[in-house]
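First up is the structure itself, then whatever we jot down about it.
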Protein chains: 2
Amino acid sequence: MRSVAIIGIGQTIINEQWDRSIRQIAAEAAISTLKDARRESADGLYVGNMMSGSINSQNNLGALVADWAGLKDIGAIKVEAACASGAAAFRSGLMAVASSELESALIVGVEKMTDLSGHNVTAGLAAAADADYEADMGVSFIGLNALIMRRYMHEYGWNHADFAPFSINAHANAMHNPFARLHQEICVDDFEKATMIATPINLLDASPIGDGAAGVYIVPAESIQNKARILVQGSASATDSIAVHDRIDPLFLKAASISTQQAYRQAGVGPGDIDIFELHDAFTIMSVLSLEASGFAERGQAPRLGLEGEILLNGRIPISTLGGLKGRGHPVGATGIYQLVEVTQQLRGEAGITQVPDARVGMVQNVGGSGATILTHILERG
Amino acid sequence: MRSVAIIGIGQTIINEQWDRSIRQIAAEAAISTLKDARRESADGLYVGNMMSGSINSQNNLGALVADWAGLKDIGAIKVEAACASGAAAFRSGLMAVASSELESALIVGVEKMTDLSGHNVTAGLAAAADADYEADMGVSFIGLNALIMRRYMHEYGWNHADFAPFSINAHANAMHNPFARLHQEICVDDFEKATMIATPINLLDASPIGDGAAGVYIVPAESIQNKARILVQGSASATDSIAVHDRIDPLFLKAASISTQQAYRQAGVGPGDIDIFELHDAFTIMSVLSLEASGFAERGQAPRLGLEGEILLNGRIPISTLGGLKGRGHPVGATGIYQLVEVTQQLRGEAGITQVPDARVGMVQNVGGSGATILTHILERG
């Protein structure tokens with residue numbers, strides 16, 4: 001298996017793009033990624049997307065995006081793994097280039113979630129959970145996360161305010177990301193007074209949906225010798241029971257632990273070597289569970305990392321450095337690619353005001369469902 | 001890139017399985033494939049499916065099927081390329097094993113299309129076309145194929161009855177396939193008198209939908225030395241404009257031509273070396289266009305292959321040997337895997353009454369949309 005490098009990145013702003021369809025948003029990201037990579041086309045296109053079939057009445061999204069971005073004739077598919085669709089598409093493209101079947105691949109994550117006629121985004125998101133035994137019983141996706149958070153608080157004795165630092169950090173970093181959906185600093189008081197959505201998750205625990213797309217361009221590492229290349233040193237994918245009630249321990253992200261350990265092994269690193277960790281902070285509780293399953297905190301202790309400032313840009317393990325899902329926004333199938341784009345920005349030293357000094361190794365974790373599918377990637381400055 | 005072999009196959013019957021959900025159908029195929037491969041699990045699972053998000057309210061299908069089939073913890077994703085989802089999932093698994101990232105992969109294609117409450121299969125299928133410029137204008141998926149067929153008949157002077165041999169052959173072969181949806185022999189008279197659906201396509205031009213799943217299990221070829229292995233000698237994927245009206249020539253399947261030429265090159269063979277061609281006969285017109293684009297007939301002349309008996313089991317290029325989409329049935333995202341299963345049966349010499357004598361090289365072509373995404377694979381008896 002040959003080594004693969006990221007040589008191009010691109011992204012659109014995340015907001016409510018009522019004047020643009022899914023193909024236009026995806027094509028904008030595709031074209032901007034090609035431009036950054038200084039390429040005209042690619043040998044293959046992988047589109048990460050969760051809900052185009054259910055809310056945009058559009059499948060065959062690979063062909064659609066290839067067509068609309070002017071990528072004539074190339075092989076193109078869509079990869080779906082709920083909110084981990086972006087990372088799953090990236091890993092599929094990675095395998096194709098690593099196998100020597102393709103000499104280059106463009107991976108685009110896209111989701112168009114607003115301005116839909118007759119479609120229900122909440123029902124669409126519930127399709128990430130178990131349709132028959134969770135969604136059909138009336139549990140929304142946020143409801144599942146609320147059950148997990150409540151259980152965590154009960155089990156380990158934390159208060160709701162103890163989760164505030166995750167949200168405050170994400171909002172603070174998003175202030176300086178021009179592509180982020182939210183540009184609004186918040187404090188503990190805001191966090192505590194925010195509108196309740198599903199107890200104990202309130203509006204500032206939860207990431208906002210949005211329309212957006214991002215792209216990365218990969219080639220064999222050996223073909224590029226300049227410093228713009230970012231090496232993919234680890235890639236792993238794991239699953240857990242799709243339904244939360246089927247897990248022996250609903251407070252441990254087993255698939256995060258498995259995929260992180262595999263990625264660490266591949267990259268020859270451990271938690272202490274990670275300079276940035278772009279985790280999947282769809283809800284504050286997910287940041288906590290990811291940090292624990294990935295080896296940055298003992299079980300039940302991750303809120304301490306927030307309270308002690310260790311997740312800040314100058315902390316032990318900076319997270320959500322360009323806003324995370326909470327501040328940047330969470331166009332679900334695109335999120336995994338936004339995360340890879342942002343870690344690439346950091347490793348290139350192009351993260352602007354929220355640059356993590358001398359970042360060399362970055363980890364990205366993308367979660368599908370309430371922990372059912374988790375992919376972890378490790379990138380390193382080449 | 002290392003060579004990969006198919007060592008296990010499995011399939012469920014295709015019909016209206018009102019008593020079973022998508023997870024049960026997929027798990028049955030997964031488990032029967034593992035049994036055939038004599039394996040307990042796999043390093044990765046790839047699920048080919050088109051419509052679970054739009055008609056089954058279920059995404060995250062990789063995790064769901066892994067969970068339900070007892071494939072604990074393994075990485076699992078869904079791959080979507082409309083009706084070519086099966087082959088697209090296969091190719092993704094193929095790359096992962098070819099790259100040496102995985103030592104084995106299970107690929108399952110599944111679609112559950114009947115017994116849906118409040119969902120519309122015709123609208124779901126239209127999502128394979130261009131949602132904004134075809135489907136939203138009121139053209140159904142069968143309507144698009146009807147426009148293509150009418151144009152072909154006009155351009156080359158064929159009558160509707162000239163397409164009958166494709167349907168008659170498929171129905172005849174399906175008689176002996178216990179997994180096929182239709183077990184009903186037909187004659188030219190039946191073909192001509194069948195209920196019209198979208199002129200000139202009638203009920204016997206069109207393949208039936210259905211519920212079903214199929215699986216294949218792959219490993220590095222070097223790891224298996226017995227004669228049960230079937231080598232994957234060619235794999236290629238190409239796209240064309242998603243909308244038919246955007247194609248310079250709507251009567252030529254450009255993506256079939258490109259992917260077939262690539263697969264021929266990889267396998268070091270040409271049309272004359274292919275002993276069986278499992279093509280995508282969703283409609284009789286698609287058989288015709290596939291045969292032409294893949295080098296078996298001149299433009300406008302493929303109906304002659306039917307009329308002269310060349311597509312029969314003892315003909316020059318046997319097609320639909322176990323019923324094809326027309327007779328076996330077309331559970332859309334599963335079809336590409338059924339095709340691979342059937343060619344494997346033929347190359348193993350396990351095709352029963354419809355065995356093609358001494359079949360050594362088989363080609364499989366899976367089409368997504370009205371020709372927008374086409375994948376071609378070439379298999380060879382190892």
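Note on naming: chains are A, B, ... as they come in the structure tokens, residues start from 1 per chain, ligands start from 1 in the order shown.
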Distance table requested - range 114-197 of chain B against range 246-261 of chain B, cut-off 9 Å, only C-alpha atoms: one row per qualifying residue with the closest atom pair and its distance in Å to one decimal, ordered by chain and rising residue number, as JSON lines.
```
{"residue": "B:Ile148", "atom": "CA", "partner": "B:Leu251", "partner_atom": "CA", "distance": 6.7}
{"residue": "B:Met149", "atom": "CA", "partner": "B:Leu251", "partner_atom": "CA", "distance": 8.5}
{"residue": "B:Arg151", "atom": "CA", "partner": "B:Leu251", "partner_atom": "CA", "distance": 7.8}
{"residue": "B:Tyr152", "atom": "CA", "partner": "B:Leu251", "partner_atom": "CA", "distance": 6.5}
```
Since we have the selection now, will you write its residues out, keeping N, CA and C atoms, as a compact mmCIF listing (two decimals), in the first residue's frame?
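Output (selection.txt):
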```txt
# COMPACT_ATOMS: atom_id res chain seq x y z
N ILE B 148 -35.53 7.21 -25.03
CA ILE B 148 -34.33 6.68 -25.67
C ILE B 148 -34.69 5.55 -26.65
N MET B 149 -35.60 4.66 -26.22
CA MET B 149 -35.98 3.53 -27.08
C MET B 149 -36.69 4.01 -28.35
N ARG B 151 -36.39 6.84 -29.81
CA ARG B 151 -35.40 7.49 -30.67
C ARG B 151 -34.56 6.44 -31.41
N TYR B 152 -34.20 5.40 -30.70
CA TYR B 152 -33.39 4.32 -31.30
C TYR B 152 -34.17 3.65 -32.44
```
Selection: 9 Å around Lys193 in chain A, only C-alpha atoms, excl. self and same-chain fewer than 4 positions, as JSON, numbers by chain: {"A": [188, 189, 202]}
Save out the residues we just selected, C-alpha atoms, as an mmCIF file, in the first residue's frame.
```cif
data_model
loop_
_atom_site.group_PDB
_atom_site.id
_atom_site.type_symbol
_atom_site.label_atom_id
_atom_site.label_comp_id
_atom_site.auth_asym_id
_atom_site.auth_seq_id
_atom_site.Cartn_x
_atom_site.Cartn_y
_atom_site.Cartn_z
ATOM 1 C CA VAL A 188 -21.034 30.365 30.532
ATOM 2 C CA ASP A 189 -24.105 32.417 31.290
ATOM 3 C CA ASN A 202 -29.881 22.910 24.889
#
```
I'd like the contact shell of Val121 in chain A - 12 Å cut-off, only C-alpha atoms, skipping same-chain residues fewer than 2 positions apart - returned as number ranges by chain. A: 50-56, 111-119, 123-128, 140-141, 209-210, 331-332; B: 53, 57
Next, the residues of the selection above should be written as a PDB file, in the first residue's frame with N, CA and C atoms.
```
ATOM      1  N   MET A  50     -25.088  12.242   3.141  1.00  0.00           N
ATOM      2  CA  MET A  50     -26.020  11.354   3.839  1.00  0.00           C
ATOM      3  C   MET A  50     -27.422  11.403   3.244  1.00  0.00           C
ATOM      4  N   MET A  51     -27.968  12.602   3.018  1.00  0.00           N
ATOM      5  CA  MET A  51     -29.417  12.699   2.882  1.00  0.00           C
ATOM      6  C   MET A  51     -29.939  13.106   1.508  1.00  0.00           C
ATOM      7  N   SER A  52     -29.109  13.063   0.472  1.00  0.00           N
ATOM      8  CA  SER A  52     -29.614  13.558  -0.817  1.00  0.00           C
ATOM      9  C   SER A  52     -30.821  12.760  -1.293  1.00  0.00           C
ATOM     10  N   GLY A  53     -30.844  11.459  -0.996  1.00  0.00           N
ATOM     11  CA  GLY A  53     -31.983  10.647  -1.412  1.00  0.00           C
ATOM     12  C   GLY A  53     -33.251  11.013  -0.662  1.00  0.00           C
ATOM     13  N   SER A  54     -33.104  11.246   0.640  1.00  0.00           N
ATOM     14  CA  SER A  54     -34.311  11.475   1.442  1.00  0.00           C
ATOM     15  C   SER A  54     -34.795  12.913   1.433  1.00  0.00           C
ATOM     16  N   ILE A  55     -33.891  13.897   1.295  1.00  0.00           N
ATOM     17  CA  ILE A  55     -34.396  15.282   1.367  1.00  0.00           C
ATOM     18  C   ILE A  55     -34.183  16.099   0.100  1.00  0.00           C
ATOM     19  N   ASN A  56     -33.333  15.661  -0.815  1.00  0.00           N
ATOM     20  CA  ASN A  56     -33.134  16.416  -2.058  1.00  0.00           C
ATOM     21  C   ASN A  56     -33.686  15.680  -3.278  1.00  0.00           C
ATOM     22  N   GLU A 111     -23.824  18.606   1.790  1.00  0.00           N
ATOM     23  CA  GLU A 111     -25.177  18.402   2.298  1.00  0.00           C
ATOM     24  C   GLU A 111     -25.946  19.700   2.105  1.00  0.00           C
ATOM     25  N   LYS A 112     -27.157  19.554   1.602  1.00  0.00           N
ATOM     26  CA  LYS A 112     -28.055  20.703   1.397  1.00  0.00           C
ATOM     27  C   LYS A 112     -29.282  20.418   2.251  1.00  0.00           C
ATOM     28  N   MET A 113     -29.407  21.121   3.400  1.00  0.00           N
ATOM     29  CA  MET A 113     -30.400  20.755   4.412  1.00  0.00           C
ATOM     30  C   MET A 113     -31.505  21.787   4.616  1.00  0.00           C
ATOM     31  N   THR A 114     -31.375  22.965   3.998  1.00  0.00           N
ATOM     32  CA  THR A 114     -32.404  23.987   4.228  1.00  0.00           C
ATOM     33  C   THR A 114     -33.168  24.267   2.938  1.00  0.00           C
ATOM     34  N   ASP A 115     -34.298  24.969   3.065  1.00  0.00           N
ATOM     35  CA  ASP A 115     -35.112  25.334   1.912  1.00  0.00           C
ATOM     36  C   ASP A 115     -35.593  24.105   1.149  1.00  0.00           C
ATOM     37  N   LEU A 116     -36.201  23.187   1.860  1.00  0.00           N
ATOM     38  CA  LEU A 116     -36.702  21.966   1.236  1.00  0.00           C
ATOM     39  C   LEU A 116     -38.223  22.021   1.234  1.00  0.00           C
ATOM     40  N   SER A 117     -38.825  21.597   0.165  1.00  0.00           N
ATOM     41  CA  SER A 117     -40.285  21.583   0.140  1.00  0.00           C
ATOM     42  C   SER A 117     -40.772  20.178   0.474  1.00  0.00           C
ATOM     43  N   GLY A 118     -41.523  20.063   1.536  1.00  0.00           N
ATOM     44  CA  GLY A 118     -42.167  18.784   1.849  1.00  0.00           C
ATOM     45  C   GLY A 118     -41.246  17.733   2.439  1.00  0.00           C
ATOM     46  N   HIS A 119     -40.033  18.114   2.802  1.00  0.00           N
ATOM     47  CA  HIS A 119     -39.139  17.133   3.393  1.00  0.00           C
ATOM     48  C   HIS A 119     -38.832  17.549   4.823  1.00  0.00           C
ATOM     49  N   ALA A 123     -36.610  14.050  10.526  1.00  0.00           N
ATOM     50  CA  ALA A 123     -36.834  12.645  10.161  1.00  0.00           C
ATOM     51  C   ALA A 123     -35.646  12.119   9.365  1.00  0.00           C
ATOM     52  N   GLY A 124     -35.094  12.953   8.503  1.00  0.00           N
ATOM     53  CA  GLY A 124     -33.923  12.540   7.716  1.00  0.00           C
ATOM     54  C   GLY A 124     -32.741  12.213   8.609  1.00  0.00           C
ATOM     55  N   LEU A 125     -32.527  13.045   9.625  1.00  0.00           N
ATOM     56  CA  LEU A 125     -31.409  12.805  10.541  1.00  0.00           C
ATOM     57  C   LEU A 125     -31.635  11.555  11.383  1.00  0.00           C
ATOM     58  N   ALA A 126     -32.885  11.272  11.706  1.00  0.00           N
ATOM     59  CA  ALA A 126     -33.192  10.077  12.507  1.00  0.00           C
ATOM     60  C   ALA A 126     -32.819   8.807  11.747  1.00  0.00           C
ATOM     61  N   ALA A 127     -32.684   8.904  10.423  1.00  0.00           N
ATOM     62  CA  ALA A 127     -32.282   7.749   9.617  1.00  0.00           C
ATOM     63  C   ALA A 127     -30.841   7.332   9.896  1.00  0.00           C
ATOM     64  N   ALA A 128     -30.107   8.133  10.691  1.00  0.00           N
ATOM     65  CA  ALA A 128     -28.754   7.745  11.118  1.00  0.00           C
ATOM     66  C   ALA A 128     -28.830   6.732  12.248  1.00  0.00           C
ATOM     67  N   SER A 140     -35.980  11.077  18.476  1.00  0.00           N
ATOM     68  CA  SER A 140     -35.241  11.823  17.455  1.00  0.00           C
ATOM     69  C   SER A 140     -33.748  11.597  17.682  1.00  0.00           C
ATOM     70  N   PHE A 141     -32.942  12.062  16.725  1.00  0.00           N
ATOM     71  CA  PHE A 141     -31.507  11.867  16.860  1.00  0.00           C
ATOM     72  C   PHE A 141     -30.963  12.650  18.058  1.00  0.00           C
ATOM     73  N   ILE A 209     -27.300  22.757  11.873  1.00  0.00           N
ATOM     74  CA  ILE A 209     -27.230  22.190  10.523  1.00  0.00           C
ATOM     75  C   ILE A 209     -26.902  23.325   9.556  1.00  0.00           C
ATOM     76  N   GLY A 210     -26.847  23.034   8.270  1.00  0.00           N
ATOM     77  CA  GLY A 210     -26.554  24.066   7.292  1.00  0.00           C
ATOM     78  C   GLY A 210     -26.300  23.450   5.937  1.00  0.00           C
ATOM     79  N   PRO A 331     -23.165  20.453   8.219  1.00  0.00           N
ATOM     80  CA  PRO A 331     -23.884  19.940   7.054  1.00  0.00           C
ATOM     81  C   PRO A 331     -23.490  18.461   6.979  1.00  0.00           C
ATOM     82  N   VAL A 332     -24.311  17.576   7.482  1.00  0.00           N
ATOM     83  CA  VAL A 332     -23.865  16.285   7.989  1.00  0.00           C
ATOM     84  C   VAL A 332     -22.880  15.494   7.113  1.00  0.00           C
TER      85      VAL A 332
ATOM     86  N   GLY B  53     -32.404   5.482   2.215  1.00  0.00           N
ATOM     87  CA  GLY B  53     -32.707   6.780   2.827  1.00  0.00           C
ATOM     88  C   GLY B  53     -34.076   7.290   2.415  1.00  0.00           C
ATOM     89  N   SER B  57     -36.443   4.928   5.273  1.00  0.00           N
ATOM     90  CA  SER B  57     -36.124   5.802   6.417  1.00  0.00           C
ATOM     91  C   SER B  57     -34.889   5.340   7.167  1.00  0.00           C
TER      92      SER B  57
END
```
Listing only residues of chain B within 6 Å of chain A, what is the closest atom pair and its distance in Å (to one decimal) for each, using only C-alpha atoms, sorted by chain and residue number ascending, as a tab-separated table?
```
residue	atom	partner	partner_atom	distance
B:Met1	CA	A:Ser99	CA	5.0
B:Gly53	CA	A:Ser54	CA	5.2
B:Ser54	CA	A:Ser54	CA	4.1
B:Ser57	CA	A:Ala127	CA	5.4
B:Gln58	CA	A:Ala127	CA	4.4
B:Asn59	CA	A:Ala127	CA	5.0
B:Asn60	CA	A:Ala81	CA	4.7
B:Ala63	CA	A:Thr239	CA	5.8
B:Leu64	CA	A:Ile242	CA	5.7
B:Asp67	CA	A:Ser241	CA	5.4
B:Asp73	CA	A:Thr239	CA	4.6
B:Ile74	CA	A:Ala238	CA	5.0
B:Gly75	CA	A:Ala238	CA	4.0
B:Ile77	CA	A:Ala81	CA	5.4
B:Lys78	CA	A:Glu80	CA	5.0
B:Val79	CA	A:Val79	CA	4.6
B:Glu80	CA	A:Lys78	CA	5.0
B:Ala81	CA	A:Asn60	CA	4.7
B:Ala82	CA	A:Asn60	CA	4.8
B:Met95	CA	A:Ala96	CA	5.2
B:Ala96	CA	A:Met95	CA	5.2
B:Ala98	CA	A:Ser99	CA	5.6
B:Ser99	CA	A:Ser99	CA	3.7
B:Ser100	CA	A:Met1	CA	5.7
B:Ala127	CA	A:Gln58	CA	4.4
B:Ala128	CA	A:Asn60	CA	5.2
B:Ala131	CA	A:Gln58	CA	5.5
B:Ser237	CA	A:Gly75	CA	4.5
B:Ala238	CA	A:Gly75	CA	4.0
B:Thr239	CA	A:Asp73	CA	4.6
B:Asp240	CA	A:Asp73	CA	5.4
B:Ser241	CA	A:Asp67	CA	5.4
B:Ile242	CA	A:Leu64	CA	5.7
```
Based on DSSP run over this structure's backbone, return all residues of range 173-303 of chain A in strand (DSSP E), as an MDAnalysis selection string. chainID A and resid 196:198 201:202 212:220 230:239 276:278
Could you pull out the alpha helix (DSSP H) residues of range 100-337 of chain B from DSSP and send them as a ChimeraX atom specification? /B:121-126,141-156,164-174,188-193,254-267,284-293,302-307,324-328,332-337
Polymer residues at most 12 Å from Ala297 in chain B, only C-alpha atoms, same-chain spacing of 4 or more positions, as a ChimeraX atom specification: /B:271-272,287-293,301-306,310-311,316-317
What's the 7 Å shell around Asp205 in chain A, counting only C-alpha atoms, without same-chain residues fewer than 4 positions away, as a ChimeraX atom specification? /A:167,201,283-284
What is the distance, in Å and to one decimal place, between CA of Gln11 in chain A and CA of Phe90 in chain A?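 Computing it gives 14.9 Å between the two atoms.
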CA of Tyr338 in chain A to CA of Ala42 in chain A, straight-line distance in Å: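 Between these atoms lies a distance of 19.6 Å.
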Could you please determine the separation between CA of Glu308 in chain B and CA of Tyr264 in chain B in Å, to one decimal place?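 CA of Tyr264 in chain B lies 25.4 Å from CA of Glu308 in chain B.
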